Each structure stands twice: as structure tokens, then as C-alpha cells.
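One structure below.
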Amino acid sequence: MTGQTSALWPTPRCGARLVHLNCARTSAGSAVVRVCRDKYSRCHQKSWVLRASQEPEGRSSEQPAPADAPETLTTRAAKLAAEIVASPIFYLVAGLLAIKLVASTGEDGAAIFIFAALPITALTALSKSSVGKQVQEQLEAKLPELQAEADKTRAAHAEARRQSKWYGPSRPRLPGPLGSAEHLIGAIAGDAGFDPLGLSKEQASFAKYQEAELLHARWAMLGVVGCLVPELLALRGVDLGEPVWWKVGASKLNSDLTLNWGGIEGFRIAGKQGIGLIAACQAVLMGGPEYARYVGIRSLEPVGVFLPGDQNYPGGGPFDPLNYAADADGFVEQAVKEVKNGRLAMLAMLGFFVQAAVTRVGPVQNVLDFVADPAHNNIFWNLAHLQL
């Protein structure tokens, strides 16, 4: 730079505020300008007024902490707490603690609801606190480094997809016209060229249907396990109250049935309560994650959590604690396996629905009946003798 340099950038989302830099003719001044510009480009919620001179005597009260400022113990603990609460694993581990706490309150309905709402309430309170603002500012200072690392990982994934047999124009497709959709080019996991109605010709529709398929596939895989395991446990003599998945709701509505996880007495949170409280707890437990999914990949940055992936594969500490994404070849392979198993699970759930309506028993019992008498317990026999 020669002479004095004055740079103005309009501030997005913050009205007409301007960032004004006035730096003297020194290499230190140039470095300050570059740092300030980088810092400005990362600012999402507010603007900073940065002033640097040849001999600075102090730091403006609106200037953020330098990028290399060490984390305090408080902000480090807050960030760790946010990562833990944001992780799906937290809900599994915390359930054990919640069971003990709920039992100590005499399974009071209000206490159960408070425990269910605690994770999203804690994250919201942290994001609004002064500690939360410090955590976010420190994350913003590290964003270029984190973003560069995420870009490197995404580039490795893209290269792995180019090398994989499951992607690209030479990937396996469904036979004949079933796998001949020209607008599907094999860019995502599980693309077998199937789109006979052309629902995904538009890019926006393509992204929407891909997200919906993954979401339903993951829920279906969990649902299949949830339908089969209770019935299998009941066959082994475990008392679950009502092991057949489609009968549980009616049994809960029509009786004072108590539901214990795994049939272990007292191993429950809301299993002794009415179905209304169970639904309310589900709503607050799922409301936070669903809102975060709606907001997008950056929804956890206000509490200092950076997710390096995308909407469908967010990654990071909460969603990839073992860092499987670092193995690019393994990651793209697992993505294909996930969607394939998810599609099978969705078909399995459809089969469970139809079998429940026709046979009025659970899926495990359907298999046992078929093995015992395949001639009279199969789809053709059941359809032929179906009574509407």
C-alpha cells in the first residue's frame, strides 16, 4: 500500500453499516487490513468497526478477539457441552441418566417433560448467553481453517466418487427402461437411473427428493429394528406388556399398560405415563433436531459447533465422532450401502403394514407361521382368502 488506505465494504444483513479501515503505510498495517478483511468475510450476525494505525494505543470496544486468542476454560467447556448435546449419541447415553432422575422424582409428569425439553432449552440458552457469544466469535476466527479442511475432505470424496464403480455413467443401473433416466448422471449414492416419472429433472426437486429419501430410509431402518426386537424378546419369555408394534398404541390408550425398555422393570422414562405425555416428550425431543435440519448445516454455529459436511451428511463431532469421513473411499462406499439398506427397510416397513392389516399378527409371527406351513401361510393364500 502507498499512503493511507481507506477501504469500505457494505455489511450484509446489518443495514447500512460500513466497516472503515484506516491503516498507515507499514507492512504491519497491510497485515492488519488483510486480517480484518478475512474476519469481516466471516461475520454473519454483526459488523465490527476496526481501526488500526501505525502505533495503536488500544483496541476498539467493538473489535473481536484476535484469531489466535486462546480459549478460556469456560468457552472450552461450553463448546464441549454443545457438541455433546448436539450429538445423537447423547440421547442414548443421557437416557440412562434420565431414567435414574425420573425414578427419583416418583415419575412425575412435569419432571419428565422438563427432562425431555432440557437439551434444546440448554442449547438455546447457551446461544443467547455472553459465553455463547464468545464461543461463536472464537469459532468465526477459526472458520477459514475449518472451511479449508472441509473443502479438502469434500474434494477427496469427489475424487473417490469418480473412481468408484457405484458412481458416474458406467455405474450399475436397473435393467431396461427402469434405469434409463437421462437426467440422472450417477452423482449421488444409490443412483440406479430410476425416475420413470421425471420427478427429479429440476435441480431443486432432485435435492428435495434426495433428502426426503435419506430421511425416510434412516427412519425405516430404525423402525424395522423397533418392530422386530420386542417380538423376538417376547418369544424368549421377556415380559414387554405388548410386543407387537402395531398393537402398542391401542393397548396404551385402552389400559394402564406400562412400557419398560427391554422388559426391565423400572427401565423407562415416560413408559408409565399416558400417550399424551409421551407424544409431548417426543415433540420437544424431535423439535430441536428438526428445526436445526430446517435451518441448515450452519444451525449449530451459534453454539460453537462447526459441521464440515452438507445437509445430508453433516459430519463433525456430533454426527461423525469416529471421523469415518476421513477415509474417502470408505465414506462413499458406506453412503451407497446406507441408501441400499434404507430402501430395503422402507419396503420392509410397507410389508409390515400390509401384513398387520391382513394377518393381524406381528412380522416375526408371520415368518414362523410361514416356516411351519408355507403352503397356507403366504401372500397368495392370504390374498385369496382376504375378507374385506
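Numbering starts fresh at 1 for the residues of each chain in the C-alpha cells, the chains themselves are lettered A, B, ... in the order given, and ligands are numbered from 1 as they appear.
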* Neighbours of range 209-217 of chain A within 7 Å (only C-alpha atoms; same-chain residues fewer than 6 positions away dropped), as a ChimeraX atom specification? -> /A:312,339,342-343,345-346
With range 328-335 of chain A as the partner and 7 Å as the cut-off, tabulate the residues of range 148-213 of chain A that qualify, each row holding the nearest pair of atoms and their distance in Å to one decimal, using only C-alpha atoms, sorted by chain and rising number, as a Markdown table.
| residue | atom | partner | partner_atom | distance |
| --- | --- | --- | --- | --- |
| A:Ala156 | CA | A:Ala328 | CA | 5.8 |
| A:His157 | CA | A:Ala328 | CA | 5.0 |
| A:Ala160 | CA | A:Asp329 | CA | 5.4 |
| A:Arg161 | CA | A:Val332 | CA | 6.4 |
| A:Ala189 | CA | A:Ala335 | CA | 5.9 |
* Between CA of Arg76 in chain A and CA of Val135 in chain A, what is the spacing in Å? ->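 Taking CA of Val135 in chain A as the start and CA of Arg76 in chain A as the end point, the length is 7.8 Å.
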* Asked: What lies within 8 Å of Phe306 in chain A using only C-alpha atoms, ignoring chain neighbours under 2 positions off, as a PyMOL selection string?
  -> chain A and resi 139+146+298+300-301+304+308+316
Go ahead and dump the residues you just picked, N, CA and C atoms, as a PDB file, in the first residue's frame.
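And here is the file that came out, selection.pdb:
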ATOM      1  N   LEU A 139     -15.213 -19.432  17.180  1.00  0.00           N
ATOM      2  CA  LEU A 139     -15.436 -20.294  16.026  1.00  0.00           C
ATOM      3  C   LEU A 139     -15.270 -19.510  14.737  1.00  0.00           C
ATOM      4  N   LEU A 146     -11.062 -24.199   9.338  1.00  0.00           N
ATOM      5  CA  LEU A 146     -12.011 -25.315   9.343  1.00  0.00           C
ATOM      6  C   LEU A 146     -12.636 -25.518   7.972  1.00  0.00           C
ATOM      7  N   ARG A 298     -25.474 -24.852   9.044  1.00  0.00           N
ATOM      8  CA  ARG A 298     -24.804 -23.911   9.936  1.00  0.00           C
ATOM      9  C   ARG A 298     -25.622 -23.617  11.190  1.00  0.00           C
ATOM     10  N   LEU A 300     -25.777 -24.961  14.061  1.00  0.00           N
ATOM     11  CA  LEU A 300     -25.134 -25.116  15.356  1.00  0.00           C
ATOM     12  C   LEU A 300     -23.963 -24.160  15.562  1.00  0.00           C
ATOM     13  N   GLU A 301     -23.653 -23.338  14.579  1.00  0.00           N
ATOM     14  CA  GLU A 301     -22.544 -22.398  14.742  1.00  0.00           C
ATOM     15  C   GLU A 301     -22.777 -21.384  15.867  1.00  0.00           C
ATOM     16  N   GLY A 304     -21.057 -22.677  18.718  1.00  0.00           N
ATOM     17  CA  GLY A 304     -19.658 -23.032  18.530  1.00  0.00           C
ATOM     18  C   GLY A 304     -19.388 -24.369  17.903  1.00  0.00           C
ATOM     19  N   PRO A 308     -18.687 -29.925   9.108  1.00  0.00           N
ATOM     20  CA  PRO A 308     -17.939 -29.778   7.858  1.00  0.00           C
ATOM     21  C   PRO A 308     -18.627 -30.361   6.633  1.00  0.00           C
ATOM     22  N   GLY A 316     -18.703 -34.037  11.340  1.00  0.00           N
ATOM     23  CA  GLY A 316     -18.251 -33.341  12.535  1.00  0.00           C
ATOM     24  C   GLY A 316     -18.383 -34.195  13.779  1.00  0.00           C
TER      25      GLY A 316
END
* Find the residue from A:Ala357, A:Leu235, A:Ala148, A:Ile114 that sits nearest to Leu101 in chain A; use only C-alpha atoms when measuring. => A:Ile114
* To do: Using DSSP on the backbone, list every residue of range 115-291 of chain A that comes out as alpha helix (DSSP H), and give them as an MDAnalysis selection string.
  => chainID A and resid 115:128 130:163 203:235 248:254 275:291
Could those selected residues go to a file with C-alpha atoms, as a tab-separated table (two decimals), in the first residue's frame?
chain	number	residue	atom	x	y	z
A	115	PHE	CA	-36.06	-33.57	31.20
A	116	ALA	CA	-37.25	-34.06	27.61
A	117	ALA	CA	-37.09	-30.32	26.87
A	118	LEU	CA	-33.75	-29.80	28.62
A	119	PRO	CA	-31.37	-30.44	25.64
A	120	ILE	CA	-32.91	-27.90	23.26
A	121	THR	CA	-33.51	-25.45	26.11
A	122	ALA	CA	-29.84	-25.68	27.17
A	123	LEU	CA	-28.58	-25.11	23.62
A	124	THR	CA	-30.86	-22.12	23.14
A	125	ALA	CA	-29.81	-20.59	26.46
A	126	LEU	CA	-26.14	-21.08	25.59
A	127	SER	CA	-26.52	-19.40	22.20
A	128	LYS	CA	-28.13	-16.34	23.84
A	130	SER	CA	-22.39	-13.98	26.80
A	131	VAL	CA	-20.42	-17.21	26.98
A	132	GLY	CA	-22.22	-18.40	23.85
A	133	LYS	CA	-21.24	-15.21	22.03
A	134	GLN	CA	-17.61	-15.75	22.99
A	135	VAL	CA	-17.80	-19.34	21.74
A	136	GLN	CA	-19.28	-18.18	18.44
A	137	GLU	CA	-16.65	-15.44	18.00
A	138	GLN	CA	-13.86	-17.93	18.55
A	139	LEU	CA	-15.44	-20.29	16.03
A	140	GLU	CA	-15.68	-17.46	13.50
A	141	ALA	CA	-11.98	-16.79	13.96
A	142	LYS	CA	-11.21	-20.41	13.10
A	143	LEU	CA	-13.70	-20.74	10.23
A	144	PRO	CA	-11.19	-20.23	7.37
A	145	GLU	CA	-9.02	-23.06	8.67
A	146	LEU	CA	-12.01	-25.31	9.34
A	147	GLN	CA	-13.57	-24.50	5.98
A	148	ALA	CA	-10.31	-25.23	4.17
A	149	GLU	CA	-10.10	-28.61	5.86
A	150	ALA	CA	-13.74	-29.33	4.98
A	151	ASP	CA	-13.11	-28.35	1.34
A	152	LYS	CA	-10.14	-30.72	1.25
A	153	THR	CA	-12.31	-33.55	2.58
A	154	ARG	CA	-15.08	-32.81	0.07
A	155	ALA	CA	-12.54	-32.82	-2.76
A	156	ALA	CA	-11.27	-36.22	-1.60
A	157	HIS	CA	-14.86	-37.52	-1.53
A	158	ALA	CA	-15.47	-36.20	-5.04
A	159	GLU	CA	-12.34	-37.94	-6.31
A	160	ALA	CA	-13.38	-41.17	-4.58
A	161	ARG	CA	-16.77	-40.98	-6.28
A	162	ARG	CA	-15.06	-40.54	-9.66
A	163	GLN	CA	-13.05	-43.70	-9.00
A	203	GLN	CA	-32.22	-29.48	-9.56
A	204	ALA	CA	-34.33	-28.16	-6.69
A	205	SER	CA	-36.66	-31.16	-6.91
A	206	PHE	CA	-33.70	-33.51	-7.15
A	207	ALA	CA	-32.17	-32.18	-3.93
A	208	LYS	CA	-35.54	-32.25	-2.15
A	209	TYR	CA	-36.27	-35.85	-3.08
A	210	GLN	CA	-32.74	-36.98	-2.22
A	211	GLU	CA	-33.06	-35.50	1.27
A	212	ALA	CA	-36.53	-37.00	1.72
A	213	GLU	CA	-35.35	-40.45	0.64
A	214	LEU	CA	-32.40	-40.44	3.05
A	215	LEU	CA	-34.58	-39.18	5.89
A	216	HIS	CA	-37.21	-41.88	5.38
A	217	ALA	CA	-34.57	-44.56	4.80
A	218	ARG	CA	-32.87	-43.83	8.12
A	219	TRP	CA	-36.16	-43.79	10.00
A	220	ALA	CA	-37.21	-47.04	8.29
A	221	MET	CA	-34.00	-48.81	9.35
A	222	LEU	CA	-34.66	-47.78	12.94
A	223	GLY	CA	-38.34	-48.71	12.59
A	224	VAL	CA	-37.64	-52.24	11.34
A	225	VAL	CA	-35.41	-52.91	14.34
A	226	GLY	CA	-38.04	-51.45	16.65
A	227	CYS	CA	-40.72	-53.70	15.18
A	228	LEU	CA	-38.71	-56.93	15.29
A	229	VAL	CA	-36.75	-56.79	18.55
A	230	PRO	CA	-39.72	-56.59	21.01
A	231	GLU	CA	-41.43	-59.54	19.37
A	232	LEU	CA	-38.21	-61.57	19.42
A	233	LEU	CA	-37.70	-60.74	23.09
A	234	ALA	CA	-41.27	-61.81	23.88
A	235	LEU	CA	-40.62	-65.18	22.23
A	248	VAL	CA	-48.88	-50.90	21.39
A	249	GLY	CA	-50.72	-47.63	20.76
A	250	ALA	CA	-54.17	-49.15	21.22
A	251	SER	CA	-53.05	-51.03	24.33
A	252	LYS	CA	-51.68	-47.83	25.83
A	253	LEU	CA	-54.89	-45.93	25.07
A	254	ASN	CA	-57.22	-48.59	26.42
A	275	ILE	CA	-49.92	-41.42	25.49
A	276	GLY	CA	-50.42	-37.62	25.55
A	277	LEU	CA	-47.32	-37.02	27.65
A	278	ILE	CA	-45.33	-39.49	25.56
A	279	ALA	CA	-46.32	-37.55	22.42
A	280	ALA	CA	-45.40	-34.23	24.09
A	281	CYS	CA	-41.96	-35.53	25.05
A	282	GLN	CA	-41.42	-36.79	21.52
A	283	ALA	CA	-42.40	-33.38	20.16
A	284	VAL	CA	-39.87	-31.44	22.24
A	285	LEU	CA	-37.13	-34.04	21.75
A	286	MET	CA	-37.56	-34.02	17.97
A	287	GLY	CA	-38.49	-30.36	17.63
A	288	GLY	CA	-34.92	-29.16	18.16
A	289	PRO	CA	-33.24	-31.52	15.66
A	290	GLU	CA	-35.97	-30.91	13.09
A	291	TYR	CA	-35.60	-27.14	13.45
* Closest of A:Ala326, A:Val371, A:Trp246, A:Trp166 to Phe353 in chain A - atom-to-atom distances counting only C-alpha atoms -> A:Trp246
* To do: Using only C-alpha atoms, find the one residue out of A:Gly179, A:Val102, A:Thr74, A:Ile297 that sits nearest to Gln273 in chain A.
  => A:Val102
